[in-house]
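Engineer: Take a look at this one; I'll ask things after.
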Amino acid sequence: MITTHNLGFPRIGARRELKTALEHYWRGDSNREELEATGRELRRRHWSWQREAGIEQVPVGDFSFYDHVLDMMLTLGVLPQRFHAAASEDPLDLAFYMARGRSRNARLPDVPALEMTKWFDTNYHYLVPELTLQQTFAADPSRLQTEIREARAMGLQPKPVLLGPVSFLYLAKMKDDGEPLELLDRLVPIYQELLEWLGDEGAGWVQMDEPILATDLPVEWQSALQTAYDRLHRGGPRILLATYFGTLGSQRDLAMELPVAGLHVDAVRGASEVSTLIARVPQDKILSLGVIDGRNVWAADLEACMDTLEPAASSLGADRLWLAPSCPLLHVPVDLEQETGLDTKLHGWMAFARQKLAELAALKRGLTAGRAAIAAELERSRRARNSRQNAARTHQPLVRKRVEALAPHDDCRGSAYEQRAPLQQRALNLPLFPTTSIGSFPQTRTIRRVRRDYRRGEVSREDYERTMRQEIARVIRFQETIGMDVLVHGEPERNDMVEYFGEQLDGYAFTRHGWVQSYGSRCVKPPIIYGDVQRSTPMTIEWMRYAQSLTDKPTKAMLTGPVTMLQWAFERDDLPREAIAMQIALALRDEIADLESAGIGVIQVDEPAFREGLPLRRGEWNDYLEWAARSFRVATSGVSDVTQIHTHMCYSEFNDIIDAIASLDADVITIETARSDMELLDAFERSTYPNEIGPGVYDIHSPRIPQVEEMVALLEKAARGVPAERLWVNPDCGLKTRNWDEVRPSLEAMVHAAREMRSRHSEAGQKARSGA
Ligand code: GLN
Ligand code: ZN
């Protein structure tokens, strides 16, 4: 019989129950028993939903109160030195201490939390395990045991999920000079021990996630997989090795030959490999095909899935074929049925976690009893697809024509930077080391409340606009008073940099409960790009016109770039990413043209997600970087030479993409550097970045108020590598999460630092700036 299984269910809860429970607990408003009860209840509910959907092997251990990699650290007994004081705490409190660096227990000192980073190419952040060469490990199966027993008590077949040993080491960071692989021999026996425990608890199968198989693995890591699984497969429960997020590529043979009882592959992103795998997977293995997309919100094309699965079933036999989503469902919202406000057509096109499991069940029935048994489901799926394909909203002929008609020179500014810079300088008349900010100013409680009440229809448009204008006026006045050079309006009208624009563009939809976990209790509600994107009305012009009317200084408009608008959304799957980005770029190009006509001479297009759009495999980087950069240029190159284009990115690893960043041809780039002590400027120096740079000198992620001298020191450091006349002075990122008491003195100090730099560097720089 064909088996359906699931790799992992979203843990945050359909109504973000886990978020609420965690935040209550951290605030001290509830006790641990209450928090644990919420966890149990969520697990129970999620399992029973999976059972209702006919899932035979339910994942256990996929639930986490904070993060599954952190849980794995504790299961393996990894406790970095600075958390030792908390070793005897309850495991849950210990985990929170490691994740957050603080505890409800006042006796524990605040310490730096574990570092957090992106989980492969998703928007989920995991906590990075820290290891040393002296590392010891100790198996602690208690969490898994408890959860297995819970699932068994419900009469379910539990399939424990572990992050595999090689991926665990690969994702970890060594705190000394050692190599993580030196720890493999010590780690594998711990996994062996865990497997034995799990077997004793009655687990027939254990899912070992090795998602690193979807990346380009150096040979030593490939052999590590061989070594580890050679030892792990002996005795104990059967191992299902799970890979996801991409193709196996040159690691296909390795993955197929590892001595495990089953292999799960991502049959959506890895669709091209499926037939080879079916033909070549060894006889003694089951093959789990992840045919339902776990990374997106679209309903599956059930007919196409059947076309893939029928030959698989006949060639593998029903006992060797398992069906699953492509990856754990952590990255999609829980339940589409909650979206009662969505347009019905759109509703019919989509599937969230629960609906995806129902799709699996239908596929299984179709394979077992024939297509006629699922005629109704197939019909519904076909109709949804037709309706999507033929809907006017998904195909706007004018948008398509405009993208097709783009000429090669449509992504080039009129002249090169060297010619533009003096023109801009003449128009803007900026001093050396000009000061600016990244866009947002503190989002006070009043701003948030008025925005929310306006949304709910409880505040009139007039009142809303009056409040926003007052806020803009306050921000402009403040910047003038302290002597900033290029002003911003402060973005009070924006709740989120993608949502604000998405809501005004055709082709974007928003859900009410479509939350996806970002890290810990934090969730995001990505918009859904379902149709051709176009701008029907100006989006920022009135606010900017108003801001500029208040001052003689230049004000800088703020837009979100095409890559970020795409990357932080669920995108349509019936158009290449590149084509979607180009549509967004054209919408922005129109907005930028209107801003320019409205007299705005400086326009910033933020691309904080530019780097995270990089594909997992290096071989695909160039292609991505090329269209990503082109979409930025299409958006920004319609302006005259005298209009100054800024961009902003907030991370510090630029080394491998610096050429692409230079190719954006923005006149000015502002970046994050304060925390990395200007190190990243190395990349900009080495490649002699051609245009102007504003290395952030004020770390806005911290409540600390930076001193004039330390900012001067950072700027001096920057000035050693970048000519003074090309340096700007600005914070790391937007100020919206800070309060005025922090921002006021910090920006004042920043302006003083710029003045100090001017007096130190004046003659040489002034000459170069004016092109003399
Ligand atoms: N302009 C945005 C702001 O200042 C940029 C945010 C970001 O870089 N993530 O808030
Ligand atoms: Zn930023």
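Here, A, B, ... name the chains of the structure tokens in the order displayed, residue numbers run from 1 inside each chain, and ligands are numbered from 1 in the same displayed order.
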Give me, as an MDAnalysis selection string, the set of residues whose atoms come within 7 Å of any atom of ligand 1, counting only C-alpha atoms and all ligand atoms.
Structural biologist: chainID A and resid 438:440 497 558 606 608 648:650 733:736
Engineer: At most 6 Å is the cut-off: for each residue in range 248-344 of chain A with any atom that close to an atom of range 235-243 of chain A, write down the nearest atom pair and the distance in Å rounded to one decimal, counting only C-alpha atoms, chain first then increasing number, as a tab-separated table.
Structural biologist:
residue	atom	partner	partner_atom	distance
A:Val260	CA	A:Ile239	CA	5.4
A:Ala261	CA	A:Ile239	CA	5.4
A:Gly262	CA	A:Leu240	CA	4.4
A:Leu263	CA	A:Leu241	CA	4.9
A:His264	CA	A:Ala242	CA	4.5
A:Val265	CA	A:Thr243	CA	5.4
Engineer: May I have the residues from that selection written out with N, CA, C and O atoms, as a compact mmCIF listing (two decimals), in the first residue's frame?
Structural biologist:
# COMPACT_ATOMS: atom_id res chain seq x y z
N VAL A 260 20.45 3.60 3.74
CA VAL A 260 19.28 3.89 4.56
C VAL A 260 18.10 3.19 3.93
O VAL A 260 18.16 2.74 2.79
N ALA A 261 16.98 3.14 4.66
CA ALA A 261 15.84 2.36 4.17
C ALA A 261 14.95 3.16 3.22
O ALA A 261 14.13 2.60 2.50
N GLY A 262 15.08 4.49 3.25
CA GLY A 262 14.24 5.28 2.37
C GLY A 262 14.84 6.64 2.10
O GLY A 262 15.67 7.14 2.87
N LEU A 263 14.43 7.23 0.98
CA LEU A 263 14.94 8.53 0.59
C LEU A 263 13.75 9.42 0.23
O LEU A 263 12.90 9.04 -0.57
N HIS A 264 13.70 10.60 0.86
CA HIS A 264 12.68 11.57 0.46
C HIS A 264 13.33 12.66 -0.37
O HIS A 264 14.36 13.20 0.01
N VAL A 265 12.70 12.98 -1.50
CA VAL A 265 13.24 14.06 -2.33
C VAL A 265 12.16 15.09 -2.62
O VAL A 265 10.97 14.81 -2.60
Engineer: Nearest to Glu150 in chain A: which of A:Val58, A:Leu127, A:Leu505, A:Met306 is it, counting only C-alpha atoms?
Structural biologist: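 Residue with the minimum atom-to-atom distance to Glu150 in chain A: A:Val58.
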Engineer: Which neighbours of range 717-724 of chain A fall inside 8 Å, counting only C-alpha atoms, when residues of the same chain fewer than 3 positions from it are skipped, and could you give them as a PyMOL selection string?
Structural biologist: chain A and resi 432-433+678+681-682+685+695+713-714+727+761+765
Engineer: Tell me, as a list in words, which residues lie within 10 Å of range 153-155 of chain A, counting only C-alpha atoms; anything in the same chain fewer than 6 positions away does not count.
Structural biologist: Arg44, Trp47, Ser48, Arg51 and Glu147 of chain A
Engineer: Taking C-alpha atoms for each residue, export the selection above as a short mmCIF file (atom, residue, chain, number, x, y, z; two decimals), in the first residue's frame.
Structural biologist:
data_model
loop_
_atom_site.label_atom_id
_atom_site.label_comp_id
_atom_site.auth_asym_id
_atom_site.auth_seq_id
_atom_site.Cartn_x
_atom_site.Cartn_y
_atom_site.Cartn_z
CA ARG A 44 -2.59 17.17 19.59
CA TRP A 47 -1.74 15.53 14.69
CA SER A 48 -5.46 15.08 14.60
CA ARG A 51 -4.91 12.02 10.86
CA GLU A 147 6.07 13.44 22.14
#
Engineer: Measure the distance from CA of Thr435 in chain A to CA of Asp667 in chain A in Å and round it to one decimal.
Structural biologist: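 Value for the CA of Thr435 in chain A-CA of Asp667 in chain A distance: 15.0 Å.
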Engineer: Quick one: pick out all strand (DSSP E) residues within range 498-698 of chain A from a backbone DSSP run and write them as a PyMOL selection string.
Structural biologist: chain A and resi 505-509+516-519+522-524+528-535+556-560+602-606+644-649+668-671+692-695
Engineer: Which is closest to Glu626 in chain A among A:Leu342, A:Tyr500, A:Asp411, A:Ile541, if we use only C-alpha atoms?
Structural biologist: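 Checking each of A:Leu342, A:Tyr500, A:Asp411, A:Ile541 against Glu626 in chain A, counting only C-alpha atoms, the winner is A:Asp411.
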Engineer: Expressed in Å to a single decimal, how great is the separation between CA of Pro109 in chain A and CA of Val697 in chain A?
Structural biologist: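 These two atoms are separated by 28.7 Å.
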